[in-house]
Structure formats: structure tokens, C-alpha cells
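Below is one structure, written out as C-alpha cells; the observations come after it.
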Amino acid sequence: MIKRSQGWLAAQVGDELVMMSAESGSYIGLNNVGARVRELLEAPADFSQICATLTGEFDVSEDTCRAEVESFLADLEKRGAITRSA
């Protein structure tokens, strides 16, 4: 399961959703797909559920979606914005 980490603030700035960690002072800018992934993590979610939702909403193949979402989630995890558990 994947869930948001505590302590991150988010605000819409133009076409981008900006997330900021008050604790670390770091920030992340998200496009509309990244913002949708963050929205899907409102409650803890499964990787496959996220990809299934995105392939239904965006014009993307399942393989491409899985690769891109995995890369995106790895970056968020590295920055401390999400946590994953088995």
C-alpha cells in the first residue's frame, strides 16, 4: 500500500500543484497527472489501483503508465512525500 506522508502542504499555483514539506523545506511541482496521483493517495492505495484509474482517465498504455507511475512514486518516496508498505 502507498500512502501520503504527514507534514506536506499543497497549493495550486497556475497549472501546477506545488507540494512543500515544512519539515525539510523541500518542494515538488506536480503536473495534472502527478496531482491526480496525489489525489488518488487521499486514502492509502494499491499501485495497481492507481494505474488502473489513470489508464481509464488518460490516453496512456498500461505498460507506459506502470513505468511512469513507478518512477514518479520512487521520486516521491525518496523525497519523503509518500511511504510504501507490503
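We label chains A, B, ... in the order they appear in the C-alpha cells, count residues from 1 in each chain, and number ligands from 1 in the order shown.
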
>> Applying 12 Å and only C-alpha atoms, which residues near Tyr27 (chain A) remain after dropping the ones on its own chain fewer than 4 positions away? List them as a PyMOL selection string.
In response: chain A and resi 7-11+17-23+76+79-81

With all heavy atoms retained, export the selected residues as an mmCIF file, in the first residue's frame.
```
data_model
loop_
_atom_site.group_PDB
_atom_site.id
_atom_site.type_symbol
_atom_site.label_atom_id
_atom_site.label_comp_id
_atom_site.auth_asym_id
_atom_site.auth_seq_id
_atom_site.Cartn_x
_atom_site.Cartn_y
_atom_site.Cartn_z
ATOM 1 N N GLY A 7 2.841 16.098 7.021
ATOM 2 C CA GLY A 7 3.694 17.278 7.038
ATOM 3 C C GLY A 7 3.925 17.933 5.686
ATOM 4 O O GLY A 7 4.733 18.848 5.579
ATOM 5 N N TRP A 8 3.235 17.484 4.655
ATOM 6 C CA TRP A 8 3.366 18.103 3.339
ATOM 7 C C TRP A 8 2.157 18.991 3.068
ATOM 8 O O TRP A 8 1.021 18.562 3.217
ATOM 9 C CB TRP A 8 3.481 17.045 2.247
ATOM 10 C CG TRP A 8 4.844 16.433 2.178
ATOM 11 C CD1 TRP A 8 5.319 15.438 2.975
ATOM 12 C CD2 TRP A 8 5.906 16.787 1.310
ATOM 13 N NE1 TRP A 8 6.619 15.147 2.645
ATOM 14 C CE2 TRP A 8 6.998 15.958 1.617
ATOM 15 C CE3 TRP A 8 6.043 17.723 0.287
ATOM 16 C CZ2 TRP A 8 8.209 16.044 0.941
ATOM 17 C CZ3 TRP A 8 7.241 17.802 -0.385
ATOM 18 C CH2 TRP A 8 8.308 16.973 -0.055
ATOM 19 N N LEU A 9 2.404 20.223 2.665
ATOM 20 C CA LEU A 9 1.356 21.166 2.300
ATOM 21 C C LEU A 9 1.244 21.180 0.786
ATOM 22 O O LEU A 9 2.236 20.928 0.088
ATOM 23 C CB LEU A 9 1.712 22.561 2.796
ATOM 24 C CG LEU A 9 2.032 22.679 4.288
ATOM 25 C CD1 LEU A 9 2.571 24.070 4.596
ATOM 26 C CD2 LEU A 9 0.804 22.377 5.113
ATOM 27 N N ALA A 10 0.088 21.480 0.255
ATOM 28 C CA ALA A 10 -0.103 21.539 -1.195
ATOM 29 C C ALA A 10 -0.947 22.749 -1.556
ATOM 30 O O ALA A 10 -1.878 23.105 -0.829
ATOM 31 C CB ALA A 10 -0.765 20.265 -1.697
ATOM 32 N N ALA A 11 -0.594 23.374 -2.685
ATOM 33 C CA ALA A 11 -1.363 24.519 -3.175
ATOM 34 C C ALA A 11 -1.292 24.551 -4.695
ATOM 35 O O ALA A 11 -0.266 24.204 -5.284
ATOM 36 C CB ALA A 11 -0.801 25.817 -2.606
ATOM 37 N N LEU A 17 0.463 21.904 -9.292
ATOM 38 C CA LEU A 17 0.220 21.708 -7.870
ATOM 39 C C LEU A 17 1.587 21.671 -7.205
ATOM 40 O O LEU A 17 2.451 20.889 -7.603
ATOM 41 C CB LEU A 17 -0.521 20.396 -7.600
ATOM 42 C CG LEU A 17 -0.840 20.133 -6.131
ATOM 43 C CD1 LEU A 17 -1.934 21.084 -5.646
ATOM 44 C CD2 LEU A 17 -1.271 18.701 -5.919
ATOM 45 N N VAL A 18 1.802 22.531 -6.245
ATOM 46 C CA VAL A 18 3.086 22.605 -5.561
ATOM 47 C C VAL A 18 2.921 22.004 -4.176
ATOM 48 O O VAL A 18 2.017 22.372 -3.429
ATOM 49 C CB VAL A 18 3.582 24.065 -5.460
ATOM 50 C CG1 VAL A 18 4.884 24.142 -4.698
ATOM 51 C CG2 VAL A 18 3.739 24.665 -6.848
ATOM 52 N N MET A 19 3.805 21.059 -3.866
ATOM 53 C CA MET A 19 3.828 20.438 -2.544
ATOM 54 C C MET A 19 5.083 20.912 -1.830
ATOM 55 O O MET A 19 6.145 21.026 -2.438
ATOM 56 C CB MET A 19 3.892 18.908 -2.663
ATOM 57 C CG MET A 19 2.673 18.284 -3.262
ATOM 58 S SD MET A 19 2.856 16.500 -3.564
ATOM 59 C CE MET A 19 3.617 15.893 -2.084
ATOM 60 N N MET A 20 4.963 21.186 -0.532
ATOM 61 C CA MET A 20 6.107 21.631 0.244
ATOM 62 C C MET A 20 6.119 20.930 1.591
ATOM 63 O O MET A 20 5.089 20.800 2.245
ATOM 64 C CB MET A 20 6.065 23.130 0.461
ATOM 65 C CG MET A 20 7.279 23.645 1.200
ATOM 66 S SD MET A 20 7.235 25.428 1.366
ATOM 67 C CE MET A 20 7.767 25.582 3.050
ATOM 68 N N SER A 21 7.304 20.497 1.976
ATOM 69 C CA SER A 21 7.488 19.911 3.292
ATOM 70 C C SER A 21 7.950 21.007 4.239
ATOM 71 O O SER A 21 9.034 21.575 4.052
ATOM 72 C CB SER A 21 8.538 18.799 3.251
ATOM 73 O OG SER A 21 8.910 18.423 4.564
ATOM 74 N N ALA A 22 7.136 21.299 5.233
ATOM 75 C CA ALA A 22 7.508 22.307 6.217
ATOM 76 C C ALA A 22 8.725 21.852 7.011
ATOM 77 O O ALA A 22 9.558 22.660 7.414
ATOM 78 C CB ALA A 22 6.331 22.585 7.152
ATOM 79 N N GLU A 23 8.853 20.549 7.200
ATOM 80 C CA GLU A 23 9.956 19.994 7.981
ATOM 81 C C GLU A 23 11.293 20.120 7.261
ATOM 82 O O GLU A 23 12.277 20.569 7.836
ATOM 83 C CB GLU A 23 9.681 18.527 8.295
ATOM 84 C CG GLU A 23 10.734 17.887 9.184
ATOM 85 C CD GLU A 23 10.370 16.449 9.511
ATOM 86 O OE1 GLU A 23 9.230 16.223 9.951
ATOM 87 O OE2 GLU A 23 11.228 15.586 9.322
ATOM 88 N N LEU A 76 8.874 10.416 -5.229
ATOM 89 C CA LEU A 76 8.149 10.903 -4.049
ATOM 90 C C LEU A 76 8.618 10.215 -2.778
ATOM 91 O O LEU A 76 8.757 10.862 -1.732
ATOM 92 C CB LEU A 76 6.641 10.689 -4.228
ATOM 93 C CG LEU A 76 5.921 11.530 -5.274
ATOM 94 C CD1 LEU A 76 4.434 11.188 -5.283
ATOM 95 C CD2 LEU A 76 6.129 13.020 -5.035
ATOM 96 N N ARG A 79 11.958 11.542 -1.621
ATOM 97 C CA ARG A 79 11.810 12.871 -1.023
ATOM 98 C C ARG A 79 11.020 12.850 0.279
ATOM 99 O O ARG A 79 10.855 13.871 0.926
ATOM 100 C CB ARG A 79 11.138 13.812 -2.011
ATOM 101 C CG ARG A 79 11.982 14.082 -3.250
ATOM 102 C CD ARG A 79 11.153 14.816 -4.269
ATOM 103 N NE ARG A 79 11.847 15.082 -5.497
ATOM 104 C CZ ARG A 79 12.101 16.299 -5.949
ATOM 105 N NH1 ARG A 79 11.723 17.353 -5.273
ATOM 106 N NH2 ARG A 79 12.715 16.445 -7.101
ATOM 107 N N GLY A 80 10.471 11.687 0.628
ATOM 108 C CA GLY A 80 9.725 11.569 1.871
ATOM 109 C C GLY A 80 8.274 11.987 1.791
ATOM 110 O O GLY A 80 7.614 12.161 2.812
ATOM 111 N N ALA A 81 7.743 12.125 0.573
ATOM 112 C CA ALA A 81 6.360 12.570 0.411
ATOM 113 C C ALA A 81 5.355 11.431 0.519
ATOM 114 O O ALA A 81 4.168 11.672 0.745
ATOM 115 C CB ALA A 81 6.191 13.278 -0.934
#
```

>> If we count only C-alpha atoms and set the cut-off at 12 Å, which residues sit around Arg66 (chain A), ignoring sequence neighbours fewer than 5 positions away in its own chain? Please answer as a ChimeraX atom specification.
In response: /A:47-55,60-61,71-74

> Which parts of region 10-81 of chain A does DSSP call alpha helix (DSSP H) when run on the backbone here, written out as a ChimeraX atom specification?
Replying inline: /A:32-40,47-57,62-78

Selected residues written out, N, CA, C and O atoms, as a short mmCIF file (atom, residue, chain, number, x, y, z; two decimals), in the first residue's frame:
```cif
data_model
loop_
_atom_site.label_atom_id
_atom_site.label_comp_id
_atom_site.auth_asym_id
_atom_site.auth_seq_id
_atom_site.Cartn_x
_atom_site.Cartn_y
_atom_site.Cartn_z
N ASN A 32 -0.66 17.87 -14.05
CA ASN A 32 -2.01 17.38 -13.78
C ASN A 32 -2.04 15.87 -13.49
O ASN A 32 -2.84 15.42 -12.67
N VAL A 33 -1.16 15.08 -14.10
CA VAL A 33 -1.15 13.65 -13.83
C VAL A 33 -0.58 13.40 -12.43
O VAL A 33 -1.13 12.60 -11.66
N GLY A 34 0.51 14.07 -12.09
CA GLY A 34 1.07 13.93 -10.75
C GLY A 34 0.10 14.37 -9.67
O GLY A 34 -0.03 13.73 -8.62
N ALA A 35 -0.62 15.44 -9.95
CA ALA A 35 -1.63 15.91 -9.00
C ALA A 35 -2.74 14.88 -8.84
O ALA A 35 -3.26 14.67 -7.74
N ARG A 36 -3.10 14.21 -9.94
CA ARG A 36 -4.13 13.17 -9.87
C ARG A 36 -3.65 11.98 -9.04
O ARG A 36 -4.42 11.44 -8.24
N VAL A 37 -2.38 11.60 -9.21
CA VAL A 37 -1.83 10.52 -8.39
C VAL A 37 -1.90 10.92 -6.92
O VAL A 37 -2.33 10.13 -6.07
N ARG A 38 -1.51 12.14 -6.60
CA ARG A 38 -1.59 12.60 -5.21
C ARG A 38 -3.02 12.55 -4.70
O ARG A 38 -3.28 12.13 -3.57
N GLU A 39 -3.96 12.93 -5.53
CA GLU A 39 -5.38 12.88 -5.16
C GLU A 39 -5.81 11.43 -4.88
O GLU A 39 -6.55 11.17 -3.94
N LEU A 40 -5.34 10.51 -5.71
CA LEU A 40 -5.69 9.10 -5.52
C LEU A 40 -5.11 8.54 -4.22
O LEU A 40 -5.59 7.53 -3.71
N PHE A 47 -0.75 0.11 -5.86
CA PHE A 47 -0.13 0.52 -7.12
C PHE A 47 -1.02 0.17 -8.32
O PHE A 47 -1.24 1.00 -9.21
N SER A 48 -1.53 -1.04 -8.34
CA SER A 48 -2.36 -1.49 -9.47
C SER A 48 -3.65 -0.67 -9.58
O SER A 48 -4.11 -0.37 -10.69
N GLN A 49 -4.23 -0.29 -8.44
CA GLN A 49 -5.44 0.53 -8.45
C GLN A 49 -5.15 1.91 -9.06
O GLN A 49 -5.95 2.42 -9.83
N ILE A 50 -4.02 2.48 -8.69
CA ILE A 50 -3.64 3.80 -9.21
C ILE A 50 -3.50 3.72 -10.73
O ILE A 50 -4.05 4.54 -11.46
N CYS A 51 -2.77 2.72 -11.21
CA CYS A 51 -2.54 2.57 -12.65
C CYS A 51 -3.84 2.30 -13.40
O CYS A 51 -4.06 2.84 -14.49
N ALA A 52 -4.71 1.49 -12.83
CA ALA A 52 -6.00 1.21 -13.48
C ALA A 52 -6.83 2.48 -13.62
O ALA A 52 -7.43 2.73 -14.67
N THR A 53 -6.84 3.29 -12.60
CA THR A 53 -7.58 4.55 -12.65
C THR A 53 -6.98 5.47 -13.71
O THR A 53 -7.71 6.06 -14.52
N LEU A 54 -5.66 5.61 -13.72
CA LEU A 54 -5.01 6.52 -14.66
C LEU A 54 -5.18 6.08 -16.11
O LEU A 54 -5.40 6.92 -16.99
N THR A 55 -5.09 4.78 -16.39
CA THR A 55 -5.26 4.32 -17.77
C THR A 55 -6.70 4.53 -18.23
O THR A 55 -6.94 4.69 -19.42
N GLY A 56 -7.64 4.56 -17.29
CA GLY A 56 -9.03 4.84 -17.64
C GLY A 56 -9.29 6.32 -17.88
O GLY A 56 -10.22 6.68 -18.61
N GLU A 57 -8.48 7.18 -17.28
CA GLU A 57 -8.71 8.63 -17.37
C GLU A 57 -7.80 9.33 -18.38
O GLU A 57 -8.14 10.43 -18.84
N GLU A 62 -1.05 0.69 -20.58
CA GLU A 62 -0.81 0.16 -19.24
C GLU A 62 0.68 0.07 -18.93
O GLU A 62 1.10 0.45 -17.84
N ASP A 63 1.48 -0.42 -19.88
CA ASP A 63 2.92 -0.55 -19.65
C ASP A 63 3.58 0.80 -19.41
O ASP A 63 4.40 0.94 -18.50
N THR A 64 3.24 1.78 -20.22
CA THR A 64 3.80 3.12 -20.05
C THR A 64 3.37 3.72 -18.71
O THR A 64 4.17 4.30 -17.98
N CYS A 65 2.10 3.56 -18.39
CA CYS A 65 1.57 4.08 -17.13
C CYS A 65 2.31 3.47 -15.95
O CYS A 65 2.76 4.18 -15.05
N ARG A 66 2.46 2.16 -15.95
CA ARG A 66 3.12 1.48 -14.83
C ARG A 66 4.56 1.97 -14.67
O ARG A 66 5.01 2.23 -13.56
N ALA A 67 5.28 2.12 -15.78
CA ALA A 67 6.67 2.58 -15.72
C ALA A 67 6.76 4.01 -15.21
O ALA A 67 7.59 4.32 -14.35
N GLU A 68 5.90 4.88 -15.73
CA GLU A 68 5.93 6.29 -15.33
C GLU A 68 5.49 6.48 -13.87
O GLU A 68 6.08 7.26 -13.13
N VAL A 69 4.45 5.78 -13.48
CA VAL A 69 3.97 5.90 -12.09
C VAL A 69 5.01 5.35 -11.13
O VAL A 69 5.26 5.94 -10.08
N GLU A 70 5.65 4.24 -11.47
CA GLU A 70 6.69 3.68 -10.60
C GLU A 70 7.83 4.67 -10.42
O GLU A 70 8.30 4.89 -9.31
N SER A 71 8.26 5.29 -11.51
CA SER A 71 9.33 6.28 -11.44
C SER A 71 8.91 7.47 -10.58
O SER A 71 9.67 7.96 -9.73
N PHE A 72 7.69 7.95 -10.79
CA PHE A 72 7.16 9.08 -10.02
C PHE A 72 7.07 8.76 -8.54
O PHE A 72 7.50 9.53 -7.68
N LEU A 73 6.53 7.57 -8.22
CA LEU A 73 6.40 7.18 -6.81
C LEU A 73 7.76 6.99 -6.16
O LEU A 73 7.95 7.33 -4.98
N ALA A 74 8.73 6.46 -6.90
CA ALA A 74 10.08 6.30 -6.36
C ALA A 74 10.67 7.66 -5.99
O ALA A 74 11.31 7.81 -4.94
N ASP A 75 10.42 8.67 -6.83
CA ASP A 75 10.91 10.02 -6.53
C ASP A 75 10.20 10.59 -5.30
O ASP A 75 10.85 11.18 -4.42
N LEU A 76 8.87 10.42 -5.23
CA LEU A 76 8.15 10.90 -4.05
C LEU A 76 8.62 10.21 -2.78
O LEU A 76 8.76 10.86 -1.73
N GLU A 77 8.88 8.92 -2.87
CA GLU A 77 9.35 8.18 -1.70
C GLU A 77 10.74 8.66 -1.28
O GLU A 77 11.00 8.85 -0.09
N LYS A 78 11.60 8.86 -2.23
CA LYS A 78 12.95 9.37 -1.96
C LYS A 78 12.90 10.72 -1.25
O LYS A 78 13.70 11.00 -0.36
#
```

>> If I take CA of Ala45 (chain A) and CA of Arg4 (chain A), how far is one from the other in Å, to one decimal?
In response: 9.6 Å

> Can you list every residue in chain A that DSSP puts in strand (DSSP E or B), as a PyMOL selection string?
Replying inline: chain A and resi 2-4+8-13+16-21+27-30+45+82-84

Please save N, CA and C atoms of the selected residues as a PDB file, in the first residue's frame.
```
ATOM      1  N   ILE A   2       0.370   2.256  -0.620  1.00  0.00           N
ATOM      2  CA  ILE A   2       1.077   3.530  -0.733  1.00  0.00           C
ATOM      3  C   ILE A   2       0.228   4.586  -0.039  1.00  0.00           C
ATOM      4  N   LYS A   3       0.887   5.414   0.778  1.00  0.00           N
ATOM      5  CA  LYS A   3       0.139   6.483   1.434  1.00  0.00           C
ATOM      6  C   LYS A   3       0.982   7.746   1.516  1.00  0.00           C
ATOM      7  N   ARG A   4       0.279   8.857   1.637  1.00  0.00           N
ATOM      8  CA  ARG A   4       0.945  10.155   1.778  1.00  0.00           C
ATOM      9  C   ARG A   4       1.641  10.227   3.129  1.00  0.00           C
ATOM     10  N   TRP A   8       3.235  17.484   4.655  1.00  0.00           N
ATOM     11  CA  TRP A   8       3.366  18.103   3.339  1.00  0.00           C
ATOM     12  C   TRP A   8       2.157  18.991   3.068  1.00  0.00           C
ATOM     13  N   LEU A   9       2.404  20.223   2.665  1.00  0.00           N
ATOM     14  CA  LEU A   9       1.356  21.166   2.300  1.00  0.00           C
ATOM     15  C   LEU A   9       1.244  21.180   0.786  1.00  0.00           C
ATOM     16  N   ALA A  10       0.088  21.480   0.255  1.00  0.00           N
ATOM     17  CA  ALA A  10      -0.103  21.539  -1.195  1.00  0.00           C
ATOM     18  C   ALA A  10      -0.947  22.749  -1.556  1.00  0.00           C
ATOM     19  N   ALA A  11      -0.594  23.374  -2.685  1.00  0.00           N
ATOM     20  CA  ALA A  11      -1.363  24.519  -3.175  1.00  0.00           C
ATOM     21  C   ALA A  11      -1.292  24.551  -4.695  1.00  0.00           C
ATOM     22  N   GLN A  12      -2.384  24.956  -5.302  1.00  0.00           N
ATOM     23  CA  GLN A  12      -2.432  25.107  -6.750  1.00  0.00           C
ATOM     24  C   GLN A  12      -1.791  26.442  -7.108  1.00  0.00           C
ATOM     25  N   VAL A  13      -0.791  26.415  -8.006  1.00  0.00           N
ATOM     26  CA  VAL A  13      -0.132  27.628  -8.476  1.00  0.00           C
ATOM     27  C   VAL A  13      -0.156  27.584 -10.004  1.00  0.00           C
ATOM     28  N   GLU A  16       0.064  24.183 -12.033  1.00  0.00           N
ATOM     29  CA  GLU A  16       0.871  23.222 -11.287  1.00  0.00           C
ATOM     30  C   GLU A  16       0.392  23.112  -9.837  1.00  0.00           C
ATOM     31  N   LEU A  17       0.463  21.904  -9.292  1.00  0.00           N
ATOM     32  CA  LEU A  17       0.220  21.708  -7.870  1.00  0.00           C
ATOM     33  C   LEU A  17       1.587  21.671  -7.205  1.00  0.00           C
ATOM     34  N   VAL A  18       1.802  22.531  -6.245  1.00  0.00           N
ATOM     35  CA  VAL A  18       3.086  22.605  -5.561  1.00  0.00           C
ATOM     36  C   VAL A  18       2.921  22.004  -4.176  1.00  0.00           C
ATOM     37  N   MET A  19       3.805  21.059  -3.866  1.00  0.00           N
ATOM     38  CA  MET A  19       3.828  20.438  -2.544  1.00  0.00           C
ATOM     39  C   MET A  19       5.083  20.912  -1.830  1.00  0.00           C
ATOM     40  N   MET A  20       4.963  21.186  -0.532  1.00  0.00           N
ATOM     41  CA  MET A  20       6.107  21.631   0.244  1.00  0.00           C
ATOM     42  C   MET A  20       6.119  20.930   1.591  1.00  0.00           C
ATOM     43  N   SER A  21       7.304  20.497   1.976  1.00  0.00           N
ATOM     44  CA  SER A  21       7.488  19.911   3.292  1.00  0.00           C
ATOM     45  C   SER A  21       7.950  21.007   4.239  1.00  0.00           C
ATOM     46  N   TYR A  27      10.417  21.237  -1.899  1.00  0.00           N
ATOM     47  CA  TYR A  27       9.136  21.325  -2.589  1.00  0.00           C
ATOM     48  C   TYR A  27       9.181  20.509  -3.866  1.00  0.00           C
ATOM     49  N   ILE A  28       7.988  20.158  -4.345  1.00  0.00           N
ATOM     50  CA  ILE A  28       7.815  19.374  -5.554  1.00  0.00           C
ATOM     51  C   ILE A  28       6.693  20.020  -6.360  1.00  0.00           C
ATOM     52  N   GLY A  29       6.925  20.215  -7.639  1.00  0.00           N
ATOM     53  CA  GLY A  29       5.888  20.719  -8.535  1.00  0.00           C
ATOM     54  C   GLY A  29       5.279  19.561  -9.308  1.00  0.00           C
ATOM     55  N   LEU A  30       3.965  19.467  -9.320  1.00  0.00           N
ATOM     56  CA  LEU A  30       3.279  18.364  -9.982  1.00  0.00           C
ATOM     57  C   LEU A  30       2.419  18.865 -11.139  1.00  0.00           C
ATOM     58  N   ALA A  45      -3.504   3.576  -1.089  1.00  0.00           N
ATOM     59  CA  ALA A  45      -3.921   2.931  -2.331  1.00  0.00           C
ATOM     60  C   ALA A  45      -2.884   1.902  -2.776  1.00  0.00           C
ATOM     61  N   ILE A  82       5.825  10.184   0.317  1.00  0.00           N
ATOM     62  CA  ILE A  82       4.961   9.007   0.467  1.00  0.00           C
ATOM     63  C   ILE A  82       5.727   7.911   1.196  1.00  0.00           C
ATOM     64  N   THR A  83       4.980   6.932   1.682  1.00  0.00           N
ATOM     65  CA  THR A  83       5.571   5.725   2.219  1.00  0.00           C
ATOM     66  C   THR A  83       4.883   4.540   1.559  1.00  0.00           C
ATOM     67  N   ARG A  84       5.618   3.443   1.455  1.00  0.00           N
ATOM     68  CA  ARG A  84       5.054   2.215   0.886  1.00  0.00           C
ATOM     69  C   ARG A  84       5.219   1.089   1.885  1.00  0.00           C
TER      70      ARG A  84
END
```
